[in-house]
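Pasting run.csv here (CSV, C-alpha atoms):
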chain,number,residue,atom,x,y,z
A,6,MET,CA,0.0,0.0,0.0
A,7,LYS,CA,1.3,3.5,-0.9
A,8,LYS,CA,2.1,5.5,2.2
A,9,MET,CA,0.7,9.0,2.2
A,10,ARG,CA,3.5,11.6,2.6
A,11,VAL,CA,2.8,14.7,4.5
A,12,LYS,CA,3.2,17.6,2.0
A,13,TRP,CA,3.8,21.3,2.8
A,14,TRP,CA,0.2,22.2,1.9
A,15,HIS,CA,-1.3,19.7,4.3
A,16,ILE,CA,0.3,21.6,7.1
A,17,ALA,CA,-0.5,25.0,5.5
A,18,LEU,CA,-4.2,24.0,5.2
A,19,LEU,CA,-4.3,23.0,8.9
A,20,LEU,CA,-2.8,26.4,9.8
A,21,CYS,CA,-5.4,28.2,7.7
A,22,LEU,CA,-8.2,26.2,9.5
A,23,ALA,CA,-6.5,27.1,12.8
A,24,LEU,CA,-6.6,30.7,11.8
A,25,ALA,CA,-10.4,30.5,11.3
A,26,LEU,CA,-10.7,29.4,14.9
A,27,PHE,CA,-9.7,32.9,15.9
A,28,SER,CA,-12.5,34.5,13.9
A,29,PRO,CA,-14.6,35.4,17.0
A,30,LEU,CA,-11.8,37.7,18.1
A,31,ALA,CA,-12.2,39.9,15.0
A,32,SER,CA,-13.1,43.5,15.6
A,33,GLY,CA,-16.8,44.1,15.2
A,34,SER,CA,-16.3,47.8,14.3
A,35,PRO,CA,-17.4,48.9,10.8
A,36,ASP,CA,-14.7,48.5,8.1
A,37,GLY,CA,-13.3,51.4,6.1
A,38,LEU,CA,-16.0,51.5,3.5
A,39,GLU,CA,-18.9,51.0,6.1
A,40,LYS,CA,-17.4,53.8,8.2
A,41,VAL,CA,-17.3,56.2,5.3
A,42,ALA,CA,-20.9,55.2,4.3
A,43,GLU,CA,-22.0,55.9,7.9
A,44,ASP,CA,-20.1,59.2,8.2
A,45,LYS,CA,-21.1,60.5,4.8
A,46,GLY,CA,-24.7,59.5,5.2
A,47,PHE,CA,-25.2,56.9,2.4
A,48,ILE,CA,-25.2,53.7,4.5
A,49,GLU,CA,-29.1,53.5,4.2
A,50,GLU,CA,-28.8,53.0,0.5
A,51,ALA,CA,-27.4,49.5,1.0
A,52,HIS,CA,-29.9,46.8,0.2
A,53,GLU,CA,-30.4,43.6,2.1
A,54,ALA,CA,-29.2,40.5,0.2
A,55,PRO,CA,-32.0,38.9,-1.7
A,56,PHE,CA,-31.2,35.5,0.0
A,57,GLN,CA,-29.1,34.5,3.0
A,58,VAL,CA,-27.0,31.4,3.4
A,59,ILE,CA,-24.4,32.0,6.1
A,60,ALA,CA,-25.0,35.7,6.3
A,61,ASP,CA,-22.5,37.8,8.3
A,62,TYR,CA,-20.2,34.8,8.8
A,63,MET,CA,-22.6,33.3,11.4
A,64,PHE,CA,-23.8,29.7,10.9
A,65,PRO,CA,-27.6,30.0,11.2
A,66,GLY,CA,-29.5,28.3,14.0
A,67,ILE,CA,-26.6,28.3,16.5
A,68,ALA,CA,-27.2,30.5,19.6
A,69,ASN,CA,-23.6,30.8,20.6
A,70,GLU,CA,-22.2,33.5,18.4
A,71,ALA,CA,-18.6,32.5,18.8
A,72,LEU,CA,-19.4,28.9,17.8
A,73,ALA,CA,-21.5,30.1,14.9
A,74,THR,CA,-18.7,32.3,13.6
A,75,ILE,CA,-16.0,29.5,14.0
A,76,LEU,CA,-18.3,27.1,12.1
A,77,ALA,CA,-18.8,29.6,9.3
A,78,GLY,CA,-15.0,30.2,9.2
A,79,LEU,CA,-14.1,26.5,9.0
A,80,ILE,CA,-16.8,25.8,6.3
A,81,GLY,CA,-15.6,28.8,4.3
A,82,THR,CA,-11.9,28.1,4.6
A,83,ALA,CA,-12.3,24.4,3.8
A,84,GLY,CA,-14.8,25.2,1.0
A,85,ILE,CA,-12.7,27.8,-0.7
A,86,PHE,CA,-9.7,25.4,-0.6
A,87,VAL,CA,-11.7,22.7,-2.3
A,88,ILE,CA,-13.1,25.1,-4.9
A,89,THR,CA,-9.8,26.8,-5.8
A,90,TYR,CA,-7.8,23.6,-5.7
A,91,GLY,CA,-10.4,21.9,-7.9
A,92,ALA,CA,-10.5,24.8,-10.3
A,93,ALA,CA,-6.7,24.8,-10.6
A,94,ARG,CA,-6.7,21.0,-11.1
A,95,LEU,CA,-9.3,21.3,-13.9
A,96,ILE,CA,-7.4,24.1,-15.6
A,97,ARG,CA,-4.3,21.9,-15.5
A,98,LEU,CA,-6.1,18.9,-16.9
A,99,GLY,CA,-7.4,21.1,-19.7
A,100,LYS,CA,-3.9,22.1,-20.4
A,101,ASP,CA,-2.6,18.6,-20.6
A,102,LYS,CA,-5.4,17.6,-23.0
A,103,LYS,CA,-4.4,20.4,-25.2
A,104,THR,CA,-0.7,19.8,-25.4
A,105,GLY,CA,-1.1,16.1,-25.4
A,106,LYS,CA,1.3,15.8,-22.5
A,107,PRO,CA,0.5,13.3,-19.8
A,108,VAL,CA,-0.5,14.7,-16.4
A,109,LYS,CA,2.5,14.4,-14.2
A,110,GLN,CA,1.8,13.2,-10.7
A,111,GLU,CA,4.3,14.2,-8.0
B,15,MET,CA,-14.1,46.9,1.4
B,16,HIS,CA,-16.9,44.8,0.0
B,17,ILE,CA,-19.5,47.0,-1.6
B,18,PRO,CA,-23.1,46.0,-0.8
B,19,ASP,CA,-25.9,46.3,-3.4
B,20,GLY,CA,-27.5,49.7,-3.5
B,21,PHE,CA,-24.4,51.8,-3.7
B,22,LEU,CA,-23.7,51.5,-7.4
B,23,SER,CA,-25.6,52.7,-10.4
B,24,VAL,CA,-26.6,50.4,-13.3
B,25,PRO,CA,-23.8,51.8,-15.7
B,26,THR,CA,-21.2,51.3,-13.0
B,27,VAL,CA,-22.4,47.7,-12.3
B,28,ALA,CA,-22.4,46.9,-16.0
B,29,THR,CA,-19.0,48.4,-16.7
B,30,THR,CA,-17.3,46.7,-13.7
B,31,TYR,CA,-18.9,43.4,-14.6
B,32,VAL,CA,-17.6,43.6,-18.2
B,33,ILE,CA,-14.1,44.5,-17.1
B,34,SER,CA,-13.9,41.8,-14.4
B,35,ALA,CA,-15.4,39.1,-16.6
B,36,SER,CA,-12.9,39.9,-19.4
B,37,GLY,CA,-10.1,39.9,-16.9
B,38,LEU,CA,-11.2,36.6,-15.4
B,39,GLY,CA,-11.5,35.1,-18.9
B,40,TYR,CA,-7.9,36.2,-19.7
B,41,SER,CA,-6.6,34.9,-16.3
B,42,LEU,CA,-8.1,31.4,-17.1
B,43,ARG,CA,-6.3,31.4,-20.4
B,44,ALA,CA,-3.0,32.5,-18.8
B,45,ALA,CA,-3.5,29.8,-16.1
B,46,ARG,CA,-4.1,27.1,-18.7
B,47,LYS,CA,-0.8,28.0,-20.4
B,48,LYS,CA,1.4,28.1,-17.3
B,49,MET,CA,-0.2,26.1,-14.5
B,50,GLY,CA,2.2,23.5,-13.3
B,51,GLU,CA,1.7,20.7,-10.8
B,52,LYS,CA,3.2,22.8,-8.0
B,53,HIS,CA,0.8,25.7,-8.7
B,54,VAL,CA,-2.3,23.6,-7.9
B,55,PRO,CA,-2.0,23.3,-4.1
B,56,MET,CA,-0.5,26.8,-3.9
B,57,LEU,CA,-3.6,28.3,-5.4
B,58,GLY,CA,-5.8,26.4,-3.0
B,59,ILE,CA,-3.8,27.4,0.1
B,60,LEU,CA,-3.6,31.0,-0.8
B,61,ALA,CA,-7.4,31.2,-1.3
B,62,ALA,CA,-7.9,29.5,2.0
B,63,PHE,CA,-5.5,31.8,3.7
B,64,VAL,CA,-7.1,34.9,2.1
B,65,PHE,CA,-10.6,33.8,3.2
B,66,ALA,CA,-9.6,33.0,6.8
B,67,ALA,CA,-7.5,36.1,7.2
B,68,GLN,CA,-10.2,38.3,5.7
B,69,MET,CA,-12.5,37.3,8.5
B,70,LEU,CA,-10.1,38.7,11.1
B,71,ASN,CA,-10.9,42.4,11.1
B,72,PHE,CA,-8.3,44.3,13.1
B,73,PRO,CA,-9.2,47.6,14.8
B,74,ILE,CA,-7.4,50.7,13.4
B,75,ALA,CA,-8.7,54.0,14.9
B,76,GLY,CA,-11.8,55.9,15.6
B,77,GLY,CA,-14.1,52.9,15.9
B,78,THR,CA,-13.1,51.6,12.5
B,79,SER,CA,-11.7,48.2,11.5
B,80,GLY,CA,-9.8,46.9,8.5
B,81,HIS,CA,-9.1,43.5,7.1
B,82,PHE,CA,-6.4,41.9,5.0
B,83,LEU,CA,-7.1,41.7,1.3
B,84,GLY,CA,-4.5,39.3,0.2
B,85,ALA,CA,-4.2,40.3,-3.5
B,86,ALA,CA,-0.7,41.6,-3.0
B,87,LEU,CA,0.5,38.4,-1.3
B,88,ALA,CA,-1.0,36.2,-4.0
B,89,ALA,CA,0.4,38.4,-6.8
B,90,ILE,CA,3.9,38.3,-5.3
B,91,LEU,CA,3.9,34.6,-4.9
B,92,LEU,CA,2.0,33.5,-8.0
B,93,GLY,CA,1.7,36.4,-10.4
B,94,PRO,CA,-1.1,38.8,-11.1
B,95,TRP,CA,-3.4,36.6,-13.2
B,96,ALA,CA,-3.3,33.8,-10.7
B,97,ALA,CA,-3.9,36.3,-7.9
B,98,LEU,CA,-7.0,37.6,-9.8
B,99,LEU,CA,-8.3,34.0,-10.1
B,100,ILE,CA,-7.8,33.5,-6.4
B,101,MET,CA,-9.4,36.8,-5.4
B,102,ALA,CA,-12.4,36.1,-7.7
B,103,CYS,CA,-13.0,32.6,-6.2
B,104,VAL,CA,-12.9,34.1,-2.7
B,105,LEU,CA,-15.1,37.1,-3.5
B,106,ILE,CA,-17.7,34.9,-5.4
B,107,LEU,CA,-17.9,32.6,-2.4
B,108,GLN,CA,-18.2,35.5,0.1
B,109,CYS,CA,-20.9,37.0,-2.0
B,110,LEU,CA,-23.0,33.9,-2.7
B,111,ILE,CA,-22.7,32.1,0.6
B,112,PHE,CA,-21.7,34.7,3.2
B,113,GLN,CA,-23.6,37.7,1.9
B,114,ASP,CA,-20.5,39.8,2.1
B,115,GLY,CA,-20.6,42.1,-0.9
B,116,GLY,CA,-23.6,42.5,-3.1
B,117,VAL,CA,-24.5,40.3,-6.1
B,118,LEU,CA,-24.7,43.3,-8.4
B,119,ALA,CA,-21.6,44.8,-6.8
B,120,LEU,CA,-19.6,41.6,-7.4
B,121,GLY,CA,-18.1,42.9,-10.6
B,122,ALA,CA,-16.9,46.1,-8.9
B,123,ASN,CA,-15.6,44.1,-5.9
B,124,ILE,CA,-13.6,41.8,-8.2
B,125,PHE,CA,-12.4,44.8,-10.1
B,126,ASN,CA,-11.2,46.7,-7.0
B,127,MET,CA,-9.8,43.9,-4.8
B,128,GLY,CA,-8.9,41.5,-7.7
B,129,VAL,CA,-7.8,43.5,-10.7
B,130,ILE,CA,-6.6,46.7,-9.2
B,131,GLY,CA,-5.2,45.0,-6.0
B,132,SER,CA,-3.3,42.2,-7.9
B,133,PHE,CA,-1.9,44.3,-10.7
B,134,SER,CA,-0.9,47.3,-8.8
B,135,ALA,CA,0.9,45.1,-6.2
B,136,TYR,CA,2.6,43.1,-8.9
B,137,LEU,CA,3.9,46.2,-10.7
B,138,ILE,CA,5.2,47.9,-7.5
B,139,TYR,CA,6.7,44.7,-6.2
B,140,SER,CA,8.5,44.1,-9.6
B,141,MET,CA,9.8,47.6,-9.7
B,142,THR,CA,11.0,47.6,-6.1
B,143,THR,CA,12.8,44.3,-6.3
B,144,ARG,CA,14.4,45.5,-9.6
B,145,ILE,CA,15.7,48.7,-7.8
B,146,ILE,CA,16.8,47.2,-4.5
B,147,GLY,CA,17.6,43.8,-5.8
B,148,TYR,CA,15.9,40.4,-5.5
B,149,ASN,CA,17.1,39.7,-2.0
B,150,ARG,CA,15.5,39.5,1.4
B,151,ARG,CA,15.5,43.3,1.8
B,152,GLY,CA,14.1,44.0,-1.6
B,153,MET,CA,11.5,41.4,-1.1
B,154,LEU,CA,10.3,42.7,2.3
B,155,VAL,CA,10.4,46.4,1.2
B,156,GLY,CA,8.8,45.6,-2.1
B,157,GLY,CA,6.2,43.4,-0.4
B,158,PHE,CA,5.2,46.1,2.1
B,159,ALA,CA,5.0,48.8,-0.5
B,160,ALA,CA,3.0,46.6,-2.9
B,161,ALA,CA,0.6,45.5,-0.1
B,162,TRP,CA,0.0,49.1,1.1
B,163,ALA,CA,-0.5,50.4,-2.4
B,164,SER,CA,-2.9,47.6,-3.3
B,165,VAL,CA,-5.3,48.5,-0.5
B,166,PHE,CA,-4.9,52.3,-1.1
B,167,LEU,CA,-5.6,52.0,-4.8
B,168,ALA,CA,-8.5,49.5,-4.4
B,169,ALA,CA,-10.1,52.0,-2.0
B,170,THR,CA,-9.5,54.8,-4.5
B,171,ALA,CA,-11.2,52.8,-7.3
B,172,CYS,CA,-14.1,52.2,-4.9
B,173,SER,CA,-14.4,55.9,-4.2
B,174,ILE,CA,-14.5,56.6,-8.0
B,175,GLU,CA,-17.3,54.0,-8.4
B,176,LEU,CA,-19.3,55.7,-5.6
B,177,TRP,CA,-18.8,59.0,-7.3
B,178,ALA,CA,-19.7,57.7,-10.8
B,179,SER,CA,-22.8,56.2,-9.3
B,180,GLY,CA,-23.9,59.5,-7.8
B,181,THR,CA,-23.7,58.0,-4.3
B,182,SER,CA,-21.1,60.3,-2.9
B,183,PRO,CA,-19.2,63.2,-4.5
B,184,ILE,CA,-15.5,62.5,-5.2
B,185,SER,CA,-14.4,65.4,-3.0
B,186,ILE,CA,-16.0,63.6,-0.1
B,187,ALA,CA,-15.6,59.9,-1.0
B,188,PHE,CA,-12.0,60.0,-2.1
B,189,PRO,CA,-10.4,61.6,1.0
B,190,ALA,CA,-12.5,59.5,3.4
B,191,MET,CA,-11.8,56.2,1.6
B,192,ALA,CA,-8.1,57.1,1.0
B,193,GLY,CA,-7.6,58.2,4.6
B,194,TRP,CA,-8.9,55.1,6.3
B,195,HIS,CA,-7.3,52.7,3.8
B,196,ALA,CA,-3.9,54.4,4.1
B,197,LEU,CA,-4.1,53.1,7.7
B,198,ILE,CA,-5.6,49.7,6.8
B,199,GLY,CA,-2.8,49.4,4.2
B,200,ILE,CA,-0.2,49.3,7.0
B,201,GLY,CA,-1.9,46.2,8.4
B,202,GLU,CA,-1.9,44.7,4.9
B,203,GLY,CA,1.8,45.4,4.6
B,204,LEU,CA,2.6,43.9,8.0
B,205,ILE,CA,0.7,40.7,7.3
B,206,THR,CA,2.1,40.4,3.7
B,207,THR,CA,5.7,40.8,4.8
B,208,ALA,CA,5.2,38.4,7.8
B,209,VAL,CA,3.9,35.7,5.5
B,210,LEU,CA,6.7,36.3,2.9
B,211,GLY,CA,9.2,36.1,5.7
B,212,LEU,CA,7.8,32.9,6.9
B,213,VAL,CA,7.8,31.4,3.4
B,214,THR,CA,11.5,32.5,3.0
B,215,VAL,CA,12.4,30.6,6.2
B,216,ALA,CA,10.2,27.5,5.8
B,217,ARG,CA,10.0,26.9,2.0
B,218,LYS,CA,12.2,29.1,0.0
B,219,ASP,CA,11.6,27.0,-3.1
B,220,LEU,CA,7.9,28.2,-3.2
B,221,LEU,CA,9.2,31.7,-4.0
B,222,ALA,CA,10.7,30.5,-7.2
B,223,MET,CA,7.5,29.3,-8.9
B,224,GLU,CA,6.7,30.5,-12.4
B,225,ARG,CA,4.5,33.6,-12.1
B,226,ILE,CA,1.1,33.4,-13.9
Please lay out the structure from this file as C-alpha cells.
Amino acid sequence: MKKMRVKWWHIALLLCLALALFSPLASGSPDGLEKVAEDKGFIEEAHEAPFQVIADYMFPGIANEALATILAGLIGTAGIFVITYGAARLIRLGKDKKTGKPVKQE
Amino acid sequence: MHIPDGFLSVPTVATTYVISASGLGYSLRAARKKMGEKHVPMLGILAAFVFAAQMLNFPIAGGTSGHFLGAALAAILLGPWAALLIMACVLILQCLIFQDGGVLALGANIFNMGVIGSFSAYLIYSMTTRIIGYNRRGMLVGGFAAAWASVFLAATACSIELWASGTSPISIAFPAMAGWHALIGIGEGLITTAVLGLVTVARKDLLAMERI
C-alpha cells in the first residue's frame, strides 16, 4: 500500500483552518467602507441581500455567536480550498489535454 | 471593502462586470498556459488563507476596523493573473454564501480587490525588487510597498465608483476612503511581509514558482 506523505500544503491548510478558529476575536467595528458610508450618510442606500445562506459569517441556528462564527469560518476556509484547488486541477487537466502531454503526478 | 448592493448605479455595475469578466477570462487562459503541478495546491492554500485572514478584522482607529485583502501576497507569490483568479474565487464565495458584498456589486468588488489589487501590487513589487535587488530586503520592502498600495488603490477605485454612481461626491468619498485605507494598508503590509518572511524561512523553493 502506498504510504501518504505529508506535504507542505497539508500543514498549511491546517494552519489556515486554525486561523479560522480565531475569527470570534475579530473587531466588530465597521470596516473602512462601512465607516465612510455611515459618516457621509449613504449607508441607508445599502440593500439587504435577496437571499441568505451563512450571512455575516454566522452559521444559522446556533445560539452561541462565537461557535456560529467559528463554524462559518471553518466551512468557508475548507470550502474555498476545495473550490480553488479543484478549479486549478481542472485548468491543469485542460492544459494537458491540449498539449497532449501526460498529467505528471508528483 | 466589500461594496453592498444599492451603492452602485446600473452603468457602474455593467462596466465593472464587463471588465472583471474579461479579466477573469484572460486569467483562465493565462493559467491554462502556465499552470504547473506545484501551482495547484499553492492556489488552494492562498485562497484558504485569504478567506480565513479576511474574517479577522483588526481595529485601526476611531471605531473603525480593517481587514487583510491578500491580493498583493497572491500576486507576489504566484503572479497577477493567478492572484486575480484566487481573489475572484474568494469574492464569489463570500458574495453567494456569506452575503459579504452585493451580487450586483460583485463585478466592482472583483475589479477593486482582484484586478486593481493584484496588478498594482505586482507592478510595484517588480519595480522595487528591480531597484533594491531580488534579495531579502528587496522582497520585504517591495512586499510592504506593494501591499500598502494595493489597499490604497483598491479604495481609490471604490471611491471613484461611488462618485460615478452618484452615491457620494468624489471630494468627499476619495479623501475619506483614502484616509482610512492608508491606515488599513499598513496592516496589509505587515501581514504580507510576515507571510513572505515565513515562506522564505520555511519553504524558499515556493518563492521560485513561475508567475502566472
### Task
Report the distance between atom CA of Ser164 of chain B and atom CA of Pro183 of chain B in Å, rounded to one decimal place.
22.6 Å
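Minimum atom-to-atom distance to chain A, evaluated using all atoms listed in the file, belongs to B:Ala66 out of B:Leu38, B:Ala66, B:Ala86, B:Ala122.
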#### Entry: Interface, chain B side, toward chain A (8 Å; all atoms listed in the file) as a ChimeraX atom specification
/B:15-21,42,45-47,49-51,53-59,61-63,65-67,69-73,77-81,100,103-104,107,110-114,116-117,181-182,186-187,190-191,194-195,198
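Reported to one decimal place, the separation of atom CA of Asn126 of chain B from atom CA of Gly147 of chain B is 29.0 Å.
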### Query
Which of these, B:Leu210, B:Ile145, B:Ile174, B:Leu120, has the shortest distance to Phe158 of chain B once you count all atoms listed in the file?
B:Leu210
May I have the residues at most 6 Å from (-2.7, 35.7, -15.2) in the file's coordinates, counting all atoms listed in the file, as a PDB file with C-alpha atoms, in the coordinates of the input?
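And here is the file that came out, selection06.pdb:
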ATOM      1  CA  SER B  41      -6.600  34.900 -16.300  1.00  0.00           C
ATOM      2  CA  ALA B  44      -3.000  32.500 -18.800  1.00  0.00           C
ATOM      3  CA  PRO B  94      -1.100  38.800 -11.100  1.00  0.00           C
ATOM      4  CA  TRP B  95      -3.400  36.600 -13.200  1.00  0.00           C
ATOM      5  CA  ALA B  96      -3.300  33.800 -10.700  1.00  0.00           C
ATOM      6  CA  ILE B 226       1.100  33.400 -13.900  1.00  0.00           C
TER       7      ILE B 226
END
### Query
What is the distance, in Å and to one decimal place, between atom CA of Gly128 of chain B and atom CA of Leu98 of chain B?
4.8 Å
#### Entry: Sel. within 10 Å of pt (8.3, 52.0, -4.2), counting only C-alpha atoms, output as a ChimeraX atom specification
/B:137-143,145-146,155-160,163
If you count all atoms listed in the file, which residues fall within 8 Å of Val64 of chain B, apart from same-chain ones fewer than 5 positions away, as a PDB file with C-alpha atoms, in the frame of the given file?
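Output (result33.pdb):
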ATOM      1  CA  PHE B  82      -6.400  41.900   5.000  1.00  0.00           C
ATOM      2  CA  LEU B  83      -7.100  41.700   1.300  1.00  0.00           C
ATOM      3  CA  GLY B  84      -4.500  39.300   0.200  1.00  0.00           C
ATOM      4  CA  VAL B 104     -12.900  34.100  -2.700  1.00  0.00           C
TER       5      VAL B 104
END
### Query
So which residues touch Ser36 of chain B within 12 Å, counting all atoms listed in the file, skipping near sequence neighbours fewer than 6 positions away, as a PyMOL selection string?
chain B and resi 29-30+42-43+95+98-99+121+124-125+129
## Note on the structure
With distances taken over all atoms listed in the file, the candidate from B:Val24, B:Ala208, B:Ala119, B:Ala75 nearest Cys172 of chain B is B:Ala119
